[in-house]
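Trainee: File follows, structure.cif with mmCIF, N, CA and C atoms:
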data_input
loop_
_atom_site.label_atom_id
_atom_site.label_comp_id
_atom_site.auth_asym_id
_atom_site.auth_seq_id
_atom_site.Cartn_x
_atom_site.Cartn_y
_atom_site.Cartn_z
N MET H 1 -51.92 -6.80 53.01
CA MET H 1 -51.85 -5.41 52.66
C MET H 1 -53.19 -4.98 52.07
N THR H 2 -53.71 -3.87 52.53
CA THR H 2 -54.97 -3.33 52.04
C THR H 2 -54.69 -2.14 51.13
N THR H 3 -55.36 -2.13 49.97
CA THR H 3 -55.21 -1.03 49.03
C THR H 3 -56.48 -0.21 49.05
N SER H 4 -56.32 1.10 49.05
CA SER H 4 -57.47 2.00 49.02
C SER H 4 -57.54 2.68 47.66
N ILE H 5 -58.68 2.59 47.00
CA ILE H 5 -58.86 3.24 45.70
C ILE H 5 -59.12 4.72 45.96
N THR H 6 -58.32 5.57 45.32
CA THR H 6 -58.42 7.01 45.57
C THR H 6 -58.82 7.80 44.34
N ARG H 7 -59.22 7.13 43.27
CA ARG H 7 -59.63 7.83 42.06
C ARG H 7 -60.74 7.05 41.38
N THR H 8 -61.39 7.67 40.41
CA THR H 8 -62.44 7.02 39.64
C THR H 8 -61.84 5.87 38.83
N VAL H 9 -62.44 4.71 38.89
CA VAL H 9 -61.96 3.57 38.12
C VAL H 9 -63.04 2.96 37.23
N LYS H 10 -64.28 3.43 37.35
CA LYS H 10 -65.39 2.89 36.55
C LYS H 10 -65.99 4.03 35.73
N VAL H 11 -66.15 3.78 34.43
CA VAL H 11 -66.74 4.77 33.54
C VAL H 11 -67.72 4.06 32.62
N SER H 12 -68.92 4.57 32.52
CA SER H 12 -69.92 4.02 31.60
C SER H 12 -69.75 4.66 30.23
N ALA H 13 -69.87 3.87 29.18
CA ALA H 13 -69.77 4.41 27.82
C ALA H 13 -70.80 5.51 27.58
N ALA H 14 -71.95 5.41 28.24
CA ALA H 14 -73.00 6.42 28.09
C ALA H 14 -72.58 7.78 28.65
N GLU H 15 -71.56 7.79 29.53
CA GLU H 15 -71.08 9.04 30.14
C GLU H 15 -70.06 9.76 29.27
N VAL H 16 -69.58 9.10 28.23
CA VAL H 16 -68.49 9.63 27.41
C VAL H 16 -69.03 10.08 26.06
N ALA H 17 -68.57 11.24 25.60
CA ALA H 17 -69.00 11.74 24.29
C ALA H 17 -68.48 10.84 23.18
N ALA H 18 -69.32 10.60 22.19
CA ALA H 18 -68.92 9.81 21.03
C ALA H 18 -67.98 10.62 20.16
N ASN H 19 -67.00 9.95 19.58
CA ASN H 19 -66.14 10.58 18.59
C ASN H 19 -66.39 9.86 17.27
N THR H 20 -66.68 10.61 16.22
CA THR H 20 -66.99 10.02 14.92
C THR H 20 -66.04 10.51 13.83
N LYS H 21 -64.91 11.12 14.21
CA LYS H 21 -63.98 11.68 13.23
C LYS H 21 -63.61 10.67 12.14
N ARG H 22 -63.22 9.49 12.53
CA ARG H 22 -62.77 8.47 11.57
C ARG H 22 -63.90 7.52 11.17
N GLY H 23 -65.11 7.74 11.69
CA GLY H 23 -66.24 6.87 11.40
C GLY H 23 -66.68 6.11 12.64
N GLY H 24 -67.85 5.53 12.56
CA GLY H 24 -68.37 4.78 13.70
C GLY H 24 -68.64 5.68 14.89
N ASP H 25 -68.86 5.04 16.01
CA ASP H 25 -69.10 5.71 17.30
C ASP H 25 -68.02 5.18 18.24
N ILE H 26 -66.99 5.97 18.46
CA ILE H 26 -65.87 5.58 19.31
C ILE H 26 -66.01 6.31 20.64
N ARG H 27 -65.97 5.54 21.72
CA ARG H 27 -66.06 6.13 23.07
C ARG H 27 -64.87 5.65 23.89
N VAL H 28 -63.99 6.59 24.23
CA VAL H 28 -62.84 6.29 25.07
C VAL H 28 -63.30 6.38 26.51
N THR H 29 -63.39 5.23 27.16
CA THR H 29 -63.92 5.18 28.52
C THR H 29 -62.82 5.21 29.58
N LEU H 30 -61.75 4.48 29.36
CA LEU H 30 -60.65 4.42 30.34
C LEU H 30 -59.42 5.05 29.71
N SER H 31 -58.95 6.16 30.30
CA SER H 31 -57.84 6.91 29.73
C SER H 31 -57.21 7.77 30.82
N PRO H 32 -56.06 8.39 30.52
CA PRO H 32 -55.51 9.33 31.49
C PRO H 32 -56.51 10.42 31.87
N LYS H 33 -57.31 10.87 30.89
CA LYS H 33 -58.30 11.93 31.17
C LYS H 33 -59.42 11.45 32.07
N THR H 34 -59.95 10.24 31.82
CA THR H 34 -61.14 9.79 32.55
C THR H 34 -60.83 9.16 33.90
N VAL H 35 -59.73 8.40 33.99
CA VAL H 35 -59.44 7.69 35.25
C VAL H 35 -58.01 7.87 35.75
N GLY H 36 -57.22 8.65 35.03
CA GLY H 36 -55.86 8.89 35.48
C GLY H 36 -54.89 7.75 35.24
N CYS H 37 -55.22 6.82 34.34
CA CYS H 37 -54.30 5.70 34.07
C CYS H 37 -53.07 6.21 33.32
N THR H 38 -52.01 5.42 33.32
CA THR H 38 -50.75 5.88 32.75
C THR H 38 -50.16 4.94 31.69
N SER H 39 -50.79 3.79 31.45
CA SER H 39 -50.17 2.81 30.55
C SER H 39 -50.86 2.65 29.21
N GLY H 40 -52.01 3.27 29.01
CA GLY H 40 -52.74 3.12 27.77
C GLY H 40 -54.14 3.69 27.90
N PHE H 41 -54.97 3.41 26.90
CA PHE H 41 -56.37 3.84 26.97
C PHE H 41 -57.23 2.86 26.18
N GLY H 42 -58.52 2.86 26.45
CA GLY H 42 -59.42 1.95 25.77
C GLY H 42 -60.85 2.39 25.84
N GLY H 43 -61.71 1.60 25.21
CA GLY H 43 -63.12 1.92 25.21
C GLY H 43 -63.89 0.99 24.31
N VAL H 44 -64.94 1.53 23.70
CA VAL H 44 -65.82 0.73 22.85
C VAL H 44 -66.07 1.44 21.52
N VAL H 45 -66.28 0.62 20.48
CA VAL H 45 -66.62 1.12 19.15
C VAL H 45 -67.91 0.46 18.72
N THR H 46 -68.81 1.25 18.15
CA THR H 46 -70.04 0.73 17.57
C THR H 46 -70.06 1.13 16.10
N LEU H 47 -70.28 0.15 15.22
CA LEU H 47 -70.35 0.39 13.79
C LEU H 47 -71.67 -0.15 13.25
N GLU H 48 -72.39 0.67 12.52
CA GLU H 48 -73.60 0.22 11.84
C GLU H 48 -73.20 -0.51 10.56
N PRO H 49 -74.09 -1.32 9.98
CA PRO H 49 -73.75 -2.05 8.75
C PRO H 49 -73.18 -1.11 7.69
N GLY H 50 -72.04 -1.50 7.12
CA GLY H 50 -71.39 -0.71 6.08
C GLY H 50 -70.50 0.42 6.60
N ASP H 51 -70.63 0.77 7.87
CA ASP H 51 -69.81 1.85 8.43
C ASP H 51 -68.39 1.34 8.66
N PHE H 52 -67.44 2.25 8.72
CA PHE H 52 -66.04 1.87 8.87
C PHE H 52 -65.25 2.94 9.61
N ILE H 53 -64.10 2.54 10.11
CA ILE H 53 -63.12 3.44 10.70
C ILE H 53 -62.04 3.62 9.64
N THR H 54 -61.75 4.85 9.25
CA THR H 54 -60.77 5.10 8.20
C THR H 54 -59.39 4.59 8.58
N GLU H 55 -58.60 4.28 7.55
CA GLU H 55 -57.29 3.68 7.76
C GLU H 55 -56.33 4.64 8.48
N HIS H 56 -55.58 4.08 9.41
CA HIS H 56 -54.59 4.82 10.17
C HIS H 56 -53.61 3.84 10.80
N TYR H 57 -52.61 4.35 11.48
CA TYR H 57 -51.72 3.49 12.25
C TYR H 57 -51.28 4.22 13.50
N HIS H 58 -50.73 3.45 14.43
CA HIS H 58 -50.26 3.97 15.71
C HIS H 58 -48.75 3.76 15.78
N PRO H 59 -47.96 4.84 15.76
CA PRO H 59 -46.50 4.68 15.75
C PRO H 59 -45.91 4.26 17.09
N TYR H 60 -46.68 4.34 18.17
CA TYR H 60 -46.15 4.02 19.50
C TYR H 60 -46.92 2.92 20.22
N SER H 61 -48.10 2.58 19.73
CA SER H 61 -48.99 1.70 20.50
C SER H 61 -49.41 0.47 19.73
N GLU H 62 -49.57 -0.64 20.46
CA GLU H 62 -50.27 -1.80 19.95
C GLU H 62 -51.75 -1.56 20.20
N GLU H 63 -52.60 -2.09 19.33
CA GLU H 63 -54.04 -2.00 19.56
C GLU H 63 -54.59 -3.40 19.74
N PHE H 64 -55.36 -3.57 20.79
CA PHE H 64 -56.02 -4.84 21.09
C PHE H 64 -57.51 -4.63 20.83
N LEU H 65 -58.11 -5.52 20.04
CA LEU H 65 -59.51 -5.40 19.68
C LEU H 65 -60.21 -6.70 20.03
N HIS H 66 -61.38 -6.59 20.66
CA HIS H 66 -62.19 -7.77 20.96
C HIS H 66 -63.61 -7.51 20.46
N VAL H 67 -64.11 -8.39 19.58
CA VAL H 67 -65.44 -8.23 19.00
C VAL H 67 -66.48 -8.79 19.97
N VAL H 68 -67.41 -7.93 20.36
CA VAL H 68 -68.49 -8.32 21.26
C VAL H 68 -69.68 -8.83 20.47
N SER H 69 -70.01 -8.14 19.37
CA SER H 69 -71.13 -8.57 18.53
C SER H 69 -70.90 -8.10 17.10
N GLY H 70 -71.48 -8.83 16.16
CA GLY H 70 -71.42 -8.43 14.76
C GLY H 70 -70.30 -9.12 13.99
N ASP H 71 -70.23 -8.75 12.71
CA ASP H 71 -69.24 -9.30 11.78
C ASP H 71 -68.42 -8.14 11.21
N LEU H 72 -67.12 -8.20 11.42
CA LEU H 72 -66.23 -7.11 11.02
C LEU H 72 -65.16 -7.63 10.08
N ARG H 73 -64.60 -6.70 9.30
CA ARG H 73 -63.43 -7.01 8.48
C ARG H 73 -62.37 -5.96 8.82
N MET H 74 -61.27 -6.43 9.39
CA MET H 74 -60.13 -5.56 9.66
C MET H 74 -59.13 -5.78 8.54
N THR H 75 -58.64 -4.71 7.98
CA THR H 75 -57.60 -4.80 6.96
C THR H 75 -56.30 -4.33 7.61
N LEU H 76 -55.30 -5.22 7.63
CA LEU H 76 -53.99 -4.92 8.21
C LEU H 76 -52.98 -4.84 7.07
N ASP H 77 -52.40 -3.66 6.85
CA ASP H 77 -51.46 -3.46 5.74
C ASP H 77 -52.00 -4.05 4.45
N GLY H 78 -53.31 -3.85 4.20
CA GLY H 78 -53.94 -4.29 2.96
C GLY H 78 -54.48 -5.72 2.96
N GLU H 79 -54.21 -6.49 4.00
CA GLU H 79 -54.66 -7.88 4.08
C GLU H 79 -55.92 -7.98 4.94
N PRO H 80 -57.04 -8.49 4.38
CA PRO H 80 -58.29 -8.57 5.15
C PRO H 80 -58.29 -9.73 6.14
N ILE H 81 -58.88 -9.47 7.30
CA ILE H 81 -59.09 -10.50 8.33
C ILE H 81 -60.54 -10.39 8.77
N LEU H 82 -61.29 -11.48 8.65
CA LEU H 82 -62.69 -11.50 9.07
C LEU H 82 -62.76 -11.79 10.56
N LEU H 83 -63.63 -11.04 11.23
CA LEU H 83 -63.80 -11.17 12.69
C LEU H 83 -65.27 -11.29 13.02
N THR H 84 -65.58 -12.08 14.03
CA THR H 84 -66.95 -12.21 14.50
C THR H 84 -66.95 -12.22 16.02
N ALA H 85 -68.14 -12.20 16.61
CA ALA H 85 -68.26 -12.14 18.07
C ALA H 85 -67.39 -13.20 18.74
N GLY H 86 -66.62 -12.77 19.72
CA GLY H 86 -65.73 -13.66 20.45
C GLY H 86 -64.30 -13.64 19.95
N ASP H 87 -64.06 -13.06 18.76
CA ASP H 87 -62.70 -12.97 18.22
C ASP H 87 -61.96 -11.79 18.81
N SER H 88 -60.65 -11.97 18.99
CA SER H 88 -59.77 -10.88 19.42
C SER H 88 -58.65 -10.75 18.40
N LEU H 89 -58.12 -9.54 18.27
CA LEU H 89 -57.09 -9.27 17.28
C LEU H 89 -56.07 -8.29 17.85
N LEU H 90 -54.81 -8.55 17.56
CA LEU H 90 -53.73 -7.62 17.89
C LEU H 90 -53.33 -6.87 16.63
N VAL H 91 -53.30 -5.54 16.71
CA VAL H 91 -52.77 -4.71 15.64
C VAL H 91 -51.41 -4.23 16.12
N PRO H 92 -50.32 -4.74 15.52
CA PRO H 92 -48.98 -4.35 15.97
C PRO H 92 -48.68 -2.87 15.73
N ILE H 93 -47.71 -2.36 16.46
CA ILE H 93 -47.26 -0.98 16.29
C ILE H 93 -46.88 -0.76 14.83
N GLY H 94 -47.34 0.37 14.27
CA GLY H 94 -46.95 0.77 12.92
C GLY H 94 -47.70 0.11 11.79
N VAL H 95 -48.65 -0.76 12.07
CA VAL H 95 -49.39 -1.46 11.01
C VAL H 95 -50.64 -0.65 10.65
N ARG H 96 -50.77 -0.35 9.36
CA ARG H 96 -51.96 0.36 8.88
C ARG H 96 -53.18 -0.55 9.08
N HIS H 97 -54.29 0.04 9.55
CA HIS H 97 -55.49 -0.77 9.73
C HIS H 97 -56.75 0.05 9.50
N ARG H 98 -57.78 -0.68 9.02
CA ARG H 98 -59.08 -0.10 8.70
C ARG H 98 -60.12 -1.13 9.11
N LEU H 99 -61.14 -0.69 9.83
CA LEU H 99 -62.16 -1.59 10.35
C LEU H 99 -63.50 -1.30 9.69
N LEU H 100 -64.15 -2.35 9.16
CA LEU H 100 -65.42 -2.23 8.45
C LEU H 100 -66.44 -3.19 9.05
N ASN H 101 -67.67 -2.70 9.24
CA ASN H 101 -68.77 -3.60 9.60
C ASN H 101 -69.21 -4.28 8.32
N ALA H 102 -68.82 -5.55 8.16
CA ALA H 102 -69.11 -6.31 6.96
C ALA H 102 -70.42 -7.08 7.05
N GLY H 103 -71.13 -6.93 8.16
CA GLY H 103 -72.37 -7.68 8.36
C GLY H 103 -73.60 -6.84 8.13
N ASP H 104 -74.75 -7.38 8.53
CA ASP H 104 -76.01 -6.67 8.35
C ASP H 104 -76.66 -6.29 9.68
N THR H 105 -75.87 -6.36 10.78
CA THR H 105 -76.35 -5.91 12.09
C THR H 105 -75.29 -4.99 12.69
N THR H 106 -75.68 -4.26 13.71
CA THR H 106 -74.75 -3.40 14.43
C THR H 106 -73.63 -4.24 15.03
N ALA H 107 -72.41 -3.76 14.91
CA ALA H 107 -71.25 -4.45 15.48
C ALA H 107 -70.68 -3.61 16.62
N THR H 108 -70.24 -4.29 17.66
CA THR H 108 -69.65 -3.63 18.82
C THR H 108 -68.35 -4.33 19.17
N CYS H 109 -67.34 -3.56 19.50
CA CYS H 109 -66.09 -4.15 19.95
C CYS H 109 -65.46 -3.26 21.02
N ALA H 110 -64.63 -3.89 21.82
CA ALA H 110 -63.86 -3.20 22.84
C ALA H 110 -62.43 -3.09 22.32
N PHE H 111 -61.75 -1.99 22.67
CA PHE H 111 -60.38 -1.80 22.23
C PHE H 111 -59.52 -1.26 23.36
N HIS H 112 -58.23 -1.49 23.23
CA HIS H 112 -57.24 -0.95 24.18
C HIS H 112 -55.96 -0.68 23.41
N LEU H 113 -55.35 0.47 23.65
CA LEU H 113 -54.06 0.81 23.04
C LEU H 113 -53.04 1.02 24.14
N SER H 114 -51.85 0.46 23.93
CA SER H 114 -50.79 0.58 24.92
C SER H 114 -49.47 0.30 24.24
N PRO H 115 -48.39 0.96 24.65
CA PRO H 115 -48.31 2.05 25.61
C PRO H 115 -48.82 3.36 24.99
N LEU H 116 -48.91 4.38 25.82
CA LEU H 116 -49.32 5.69 25.34
C LEU H 116 -48.22 6.29 24.47
N ALA H 117 -48.61 7.11 23.51
CA ALA H 117 -47.66 7.90 22.73
C ALA H 117 -47.04 8.95 23.65
N PRO H 118 -45.86 9.47 23.30
CA PRO H 118 -45.23 10.49 24.14
C PRO H 118 -46.12 11.72 24.35
N ARG H 119 -46.90 12.06 23.33
CA ARG H 119 -47.89 13.13 23.42
C ARG H 119 -49.14 12.67 22.68
N PRO H 120 -50.33 13.02 23.16
CA PRO H 120 -51.57 12.52 22.53
C PRO H 120 -51.65 12.76 21.03
N GLU H 121 -51.19 13.90 20.55
CA GLU H 121 -51.32 14.19 19.11
C GLU H 121 -50.41 13.32 18.24
N LEU H 122 -49.50 12.57 18.85
CA LEU H 122 -48.63 11.66 18.10
C LEU H 122 -49.18 10.23 18.01
N GLY H 123 -50.33 10.00 18.63
CA GLY H 123 -50.86 8.64 18.75
C GLY H 123 -51.45 8.03 17.50
N HIS H 124 -51.99 8.86 16.59
CA HIS H 124 -52.61 8.37 15.36
C HIS H 124 -51.97 9.05 14.15
N VAL H 125 -51.76 8.28 13.11
CA VAL H 125 -51.34 8.83 11.82
C VAL H 125 -52.36 8.36 10.80
N ASP H 126 -53.11 9.29 10.23
CA ASP H 126 -54.11 8.94 9.22
C ASP H 126 -53.45 8.67 7.89
N THR H 127 -53.85 7.58 7.24
CA THR H 127 -53.36 7.24 5.90
C THR H 127 -54.48 7.35 4.88
N GLU H 128 -55.64 7.76 5.34
CA GLU H 128 -56.83 7.96 4.51
C GLU H 128 -57.54 9.15 5.13
N THR H 129 -58.19 9.97 4.33
CA THR H 129 -58.90 11.13 4.85
C THR H 129 -59.99 10.68 5.83
N ALA H 130 -59.98 11.30 7.00
CA ALA H 130 -61.00 10.99 8.01
C ALA H 130 -62.38 11.30 7.44
N GLN H 131 -63.39 10.56 7.87
CA GLN H 131 -64.75 10.77 7.39
C GLN H 131 -65.29 12.14 7.80
N HIS H 132 -64.86 12.61 8.97
CA HIS H 132 -65.29 13.91 9.49
C HIS H 132 -64.05 14.68 9.95
N PRO H 133 -63.22 15.15 9.00
CA PRO H 133 -61.93 15.77 9.37
C PRO H 133 -62.06 17.03 10.20
N GLU H 134 -63.22 17.63 10.21
CA GLU H 134 -63.42 18.85 11.01
C GLU H 134 -63.49 18.55 12.50
N GLN H 135 -63.72 17.30 12.86
CA GLN H 135 -63.78 16.92 14.27
C GLN H 135 -62.39 16.69 14.83
N SER H 136 -62.28 16.81 16.13
CA SER H 136 -60.99 16.57 16.77
C SER H 136 -60.83 15.08 17.08
N ASN H 137 -59.60 14.69 17.36
CA ASN H 137 -59.33 13.33 17.80
C ASN H 137 -59.96 13.10 19.16
N PRO H 138 -60.20 11.84 19.54
CA PRO H 138 -60.68 11.58 20.91
C PRO H 138 -59.68 12.17 21.91
N ASP H 139 -60.18 12.80 22.94
CA ASP H 139 -59.32 13.40 23.97
C ASP H 139 -59.04 12.34 25.03
N VAL H 140 -57.85 11.73 24.96
CA VAL H 140 -57.50 10.69 25.93
C VAL H 140 -56.75 11.27 27.12
N GLY H 141 -56.34 12.53 27.02
CA GLY H 141 -55.56 13.14 28.09
C GLY H 141 -54.12 12.69 28.02
N GLY H 142 -53.42 12.85 29.10
CA GLY H 142 -52.00 12.48 29.14
C GLY H 142 -51.13 13.70 29.00
N ALA H 143 -49.85 13.47 28.81
CA ALA H 143 -48.88 14.56 28.74
C ALA H 143 -49.19 15.46 27.56
N PRO H 144 -49.11 16.80 27.77
CA PRO H 144 -49.40 17.73 26.67
C PRO H 144 -48.36 17.67 25.57
#
Show how you would write the structure in this file as structure tokens.
Mentor:
Amino acid sequence: MTTSITRTVKVSAAEVAANTKRGGDIRVTLSPKTVGCTSGFGGVVTLEPGDFITEHYHPYSEEFLHVVSGDLRMTLDGEPILLTAGDSLLVPIGVRHRLLNAGDTTATCAFHLSPLAPRPELGHVDTETAQHPEQSNPDVGGAP
């Protein structure tokens, strides 16, 4: 059986606008908006030394994180977990989490969230004031 690809399936992080609402440089590369996927979304995060993503949780999605470079500290429901290049971490549904670059070099990680929330605005619940609350959430697309 031969399958024909009929939609965009490759997206460069450089093509996607950075979102800094919660801190860092978050780029959603693969999502319902960018490639028409239906099971989740993902992308890359870049954090400079000392930078962090404010605490939040996902009521519908698990988050998968893989550290590409740098030294990070993820706090899950108040418990710190140290991460370094090559480490992967699962953030279960409903678990509060905050990500900090605990090292002295730029840190990069890839992330994926699945399944999608019933509506995009239900995907994140902030438990700490966003660093840039005037900004909108990343636009992942999906059902309105």
Trainee: Grab the atom C of H:Gly86 to atom N of H:Asp71 distance for me, in Å with one decimal place.
Mentor: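 Spanning atom C of H:Gly86 to atom N of H:Asp71 is a straight-line distance of 10.6 Å.
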Trainee: If we draw a sphere of 12 Å around (-71.1, 9.2, 23.3), which residues have at least one atom in it when counting only C-alpha atoms? Please report them as a compact mmCIF listing (two decimals) with N, CA and C atoms, in the coordinates of the input.
Mentor:
# COMPACT_ATOMS: atom_id res chain seq x y z
N VAL H 11 -66.15 3.78 34.43
CA VAL H 11 -66.74 4.77 33.54
C VAL H 11 -67.72 4.06 32.62
N SER H 12 -68.92 4.57 32.52
CA SER H 12 -69.92 4.02 31.60
C SER H 12 -69.75 4.66 30.23
N ALA H 13 -69.87 3.87 29.18
CA ALA H 13 -69.77 4.41 27.82
C ALA H 13 -70.80 5.51 27.58
N ALA H 14 -71.95 5.41 28.24
CA ALA H 14 -73.00 6.42 28.09
C ALA H 14 -72.58 7.78 28.65
N GLU H 15 -71.56 7.79 29.53
CA GLU H 15 -71.08 9.04 30.14
C GLU H 15 -70.06 9.76 29.27
N VAL H 16 -69.58 9.10 28.23
CA VAL H 16 -68.49 9.63 27.41
C VAL H 16 -69.03 10.08 26.06
N ALA H 17 -68.57 11.24 25.60
CA ALA H 17 -69.00 11.74 24.29
C ALA H 17 -68.48 10.84 23.18
N ALA H 18 -69.32 10.60 22.19
CA ALA H 18 -68.92 9.81 21.03
C ALA H 18 -67.98 10.62 20.16
N ASN H 19 -67.00 9.95 19.58
CA ASN H 19 -66.14 10.58 18.59
C ASN H 19 -66.39 9.86 17.27
N THR H 20 -66.68 10.61 16.22
CA THR H 20 -66.99 10.02 14.92
C THR H 20 -66.04 10.51 13.83
N GLY H 24 -67.85 5.53 12.56
CA GLY H 24 -68.37 4.78 13.70
C GLY H 24 -68.64 5.68 14.89
N ASP H 25 -68.86 5.04 16.01
CA ASP H 25 -69.10 5.71 17.30
C ASP H 25 -68.02 5.18 18.24
N ILE H 26 -66.99 5.97 18.46
CA ILE H 26 -65.87 5.58 19.31
C ILE H 26 -66.01 6.31 20.64
N ARG H 27 -65.97 5.54 21.72
CA ARG H 27 -66.06 6.13 23.07
C ARG H 27 -64.87 5.65 23.89
N VAL H 28 -63.99 6.59 24.23
CA VAL H 28 -62.84 6.29 25.07
C VAL H 28 -63.30 6.38 26.51
N THR H 29 -63.39 5.23 27.16
CA THR H 29 -63.92 5.18 28.52
C THR H 29 -62.82 5.21 29.58
N GLY H 43 -61.71 1.60 25.21
CA GLY H 43 -63.12 1.92 25.21
C GLY H 43 -63.89 0.99 24.31
N VAL H 44 -64.94 1.53 23.70
CA VAL H 44 -65.82 0.73 22.85
C VAL H 44 -66.07 1.44 21.52
N VAL H 45 -66.28 0.62 20.48
CA VAL H 45 -66.62 1.12 19.15
C VAL H 45 -67.91 0.46 18.72
N THR H 46 -68.81 1.25 18.15
CA THR H 46 -70.04 0.73 17.57
C THR H 46 -70.06 1.13 16.10
N PRO H 138 -60.20 11.84 19.54
CA PRO H 138 -60.68 11.58 20.91
C PRO H 138 -59.68 12.17 21.91
Trainee: H:Thr54, H:Thr38, H:Thr108, H:Thr129: which is nearest H:Leu72, counting only C-alpha atoms?
Mentor: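 Closest to H:Leu72, using only C-alpha atoms: H:Thr108.
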Trainee: Compare H:Leu113, H:Asp51, H:Ser31, H:Leu83 by their minimum atom-to-atom distance to H:Glu63, counting all atoms listed in the file, and give me the closest one.
Mentor: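 That would be H:Leu113, the residue with the smallest distance to H:Glu63.
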Trainee: Please compute the atom N of H:Cys109-atom C of H:Leu65 distance, one decimal, in Å.
Mentor: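 Atom-to-atom, atom N of H:Cys109 to atom C of H:Leu65, that is 7.8 Å.
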Trainee: Check what the PyMOL selection byres ((chain H and resi 97) around 7) selects in the file above and give those residues as a list in words.
Mentor: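 Output from the PyMOL selection byres ((chain H and resi 97) around 7), applied to this file: Ile53, Thr54, Glu55, His56, Tyr57, His58, Met74, Thr75, Leu76, Asp77, Gly78, Gly94, Val95, Arg96, Arg98 and Leu99 of chain H.
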Trainee: Using backbone DSSP assignments, extract all strand (DSSP E) residues from chain H; output them as a ChimeraX atom specification.
Mentor: /H:25-30,41-47,52-57,62-69,71-76,79-84,88-91,97-101,107-114,125-126
Trainee: With only N, CA and C atoms counted, which protein, DNA or RNA residues have an atom no more than 7 Å from (-61.0, 3.6, 33.0) in the file frame? Please answer as a list of chain:residue names.
Mentor: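 Those within range, by chain then number, are H:Thr8, H:Val9, H:Lys10, H:Val11, H:Thr29, H:Leu30, H:Ser31, H:Thr34, H:Val35, H:Gly36, H:Cys37.
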Trainee: Applied to the shown file, which residues does the PyMOL selection byres ((chain H and resi 115) around 6) return, written as a ChimeraX atom specification?
Mentor: /H:39-40,60-62,113-114,116-117
Trainee: Given the file shown, enumerate the residues that the PyMOL selection byres ((chain H and resi 48) around 6) captures and present them as a compact mmCIF listing (two decimals) with N, CA and C atoms, in the coordinates of the input.
Mentor:
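What landed in selection.txt:
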# COMPACT_ATOMS: atom_id res chain seq x y z
N GLY H 24 -67.85 5.53 12.56
CA GLY H 24 -68.37 4.78 13.70
C GLY H 24 -68.64 5.68 14.89
N THR H 46 -68.81 1.25 18.15
CA THR H 46 -70.04 0.73 17.57
C THR H 46 -70.06 1.13 16.10
N LEU H 47 -70.28 0.15 15.22
CA LEU H 47 -70.35 0.39 13.79
C LEU H 47 -71.67 -0.15 13.25
N PRO H 49 -74.09 -1.32 9.98
CA PRO H 49 -73.75 -2.05 8.75
C PRO H 49 -73.18 -1.11 7.69
N GLY H 50 -72.04 -1.50 7.12
CA GLY H 50 -71.39 -0.71 6.08
C GLY H 50 -70.50 0.42 6.60
N ASP H 51 -70.63 0.77 7.87
CA ASP H 51 -69.81 1.85 8.43
C ASP H 51 -68.39 1.34 8.66
N ASN H 101 -67.67 -2.70 9.24
CA ASN H 101 -68.77 -3.60 9.60
C ASN H 101 -69.21 -4.28 8.32
N THR H 105 -75.87 -6.36 10.78
CA THR H 105 -76.35 -5.91 12.09
C THR H 105 -75.29 -4.99 12.69
N THR H 106 -75.68 -4.26 13.71
CA THR H 106 -74.75 -3.40 14.43
C THR H 106 -73.63 -4.24 15.03
N ALA H 107 -72.41 -3.76 14.91
CA ALA H 107 -71.25 -4.45 15.48
C ALA H 107 -70.68 -3.61 16.62
Trainee: Looking at only C-alpha atoms, which of H:His66, H:Lys21, H:His112, H:Arg73 is the one that sits closest to H:Pro133?
Mentor: H:Lys21
Trainee: Could you check how far atom N of H:Ser88 sits from atom N of H:Phe52, in Å to one decimal?
Mentor: 18.8 Å
Trainee: Pick out each residue of stretch 2-144 of chain H that DSSP on the backbone tags as helix (DSSP H, G or I); I need them as a list of chain:residue names.
Mentor: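 Residues meeting the helix (DSSP H, G or I) criterion: H:Ala13, H:Ala14, H:Glu15, H:Pro32, H:Lys33, H:Thr34, H:Val35, H:Pro120, H:Glu121, H:Leu122.
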Trainee: Could you take the residues named above and write them with N, CA and C atoms, as a PDB file, in the frame of the given file?
Mentor:
ATOM      1  N   ALA H  13     -69.870   3.870  29.180  1.00  0.00           N
ATOM      2  CA  ALA H  13     -69.770   4.410  27.820  1.00  0.00           C
ATOM      3  C   ALA H  13     -70.800   5.510  27.580  1.00  0.00           C
ATOM      4  N   ALA H  14     -71.950   5.410  28.240  1.00  0.00           N
ATOM      5  CA  ALA H  14     -73.000   6.420  28.090  1.00  0.00           C
ATOM      6  C   ALA H  14     -72.580   7.780  28.650  1.00  0.00           C
ATOM      7  N   GLU H  15     -71.560   7.790  29.530  1.00  0.00           N
ATOM      8  CA  GLU H  15     -71.080   9.040  30.140  1.00  0.00           C
ATOM      9  C   GLU H  15     -70.060   9.760  29.270  1.00  0.00           C
ATOM     10  N   PRO H  32     -56.060   8.390  30.520  1.00  0.00           N
ATOM     11  CA  PRO H  32     -55.510   9.330  31.490  1.00  0.00           C
ATOM     12  C   PRO H  32     -56.510  10.420  31.870  1.00  0.00           C
ATOM     13  N   LYS H  33     -57.310  10.870  30.890  1.00  0.00           N
ATOM     14  CA  LYS H  33     -58.300  11.930  31.170  1.00  0.00           C
ATOM     15  C   LYS H  33     -59.420  11.450  32.070  1.00  0.00           C
ATOM     16  N   THR H  34     -59.950  10.240  31.820  1.00  0.00           N
ATOM     17  CA  THR H  34     -61.140   9.790  32.550  1.00  0.00           C
ATOM     18  C   THR H  34     -60.830   9.160  33.900  1.00  0.00           C
ATOM     19  N   VAL H  35     -59.730   8.400  33.990  1.00  0.00           N
ATOM     20  CA  VAL H  35     -59.440   7.690  35.250  1.00  0.00           C
ATOM     21  C   VAL H  35     -58.010   7.870  35.750  1.00  0.00           C
ATOM     22  N   PRO H 120     -50.330  13.020  23.160  1.00  0.00           N
ATOM     23  CA  PRO H 120     -51.570  12.520  22.530  1.00  0.00           C
ATOM     24  C   PRO H 120     -51.650  12.760  21.030  1.00  0.00           C
ATOM     25  N   GLU H 121     -51.190  13.900  20.550  1.00  0.00           N
ATOM     26  CA  GLU H 121     -51.320  14.190  19.110  1.00  0.00           C
ATOM     27  C   GLU H 121     -50.410  13.320  18.240  1.00  0.00           C
ATOM     28  N   LEU H 122     -49.500  12.570  18.850  1.00  0.00           N
ATOM     29  CA  LEU H 122     -48.630  11.660  18.100  1.00  0.00           C
ATOM     30  C   LEU H 122     -49.180  10.230  18.010  1.00  0.00           C
TER      31      LEU H 122
END
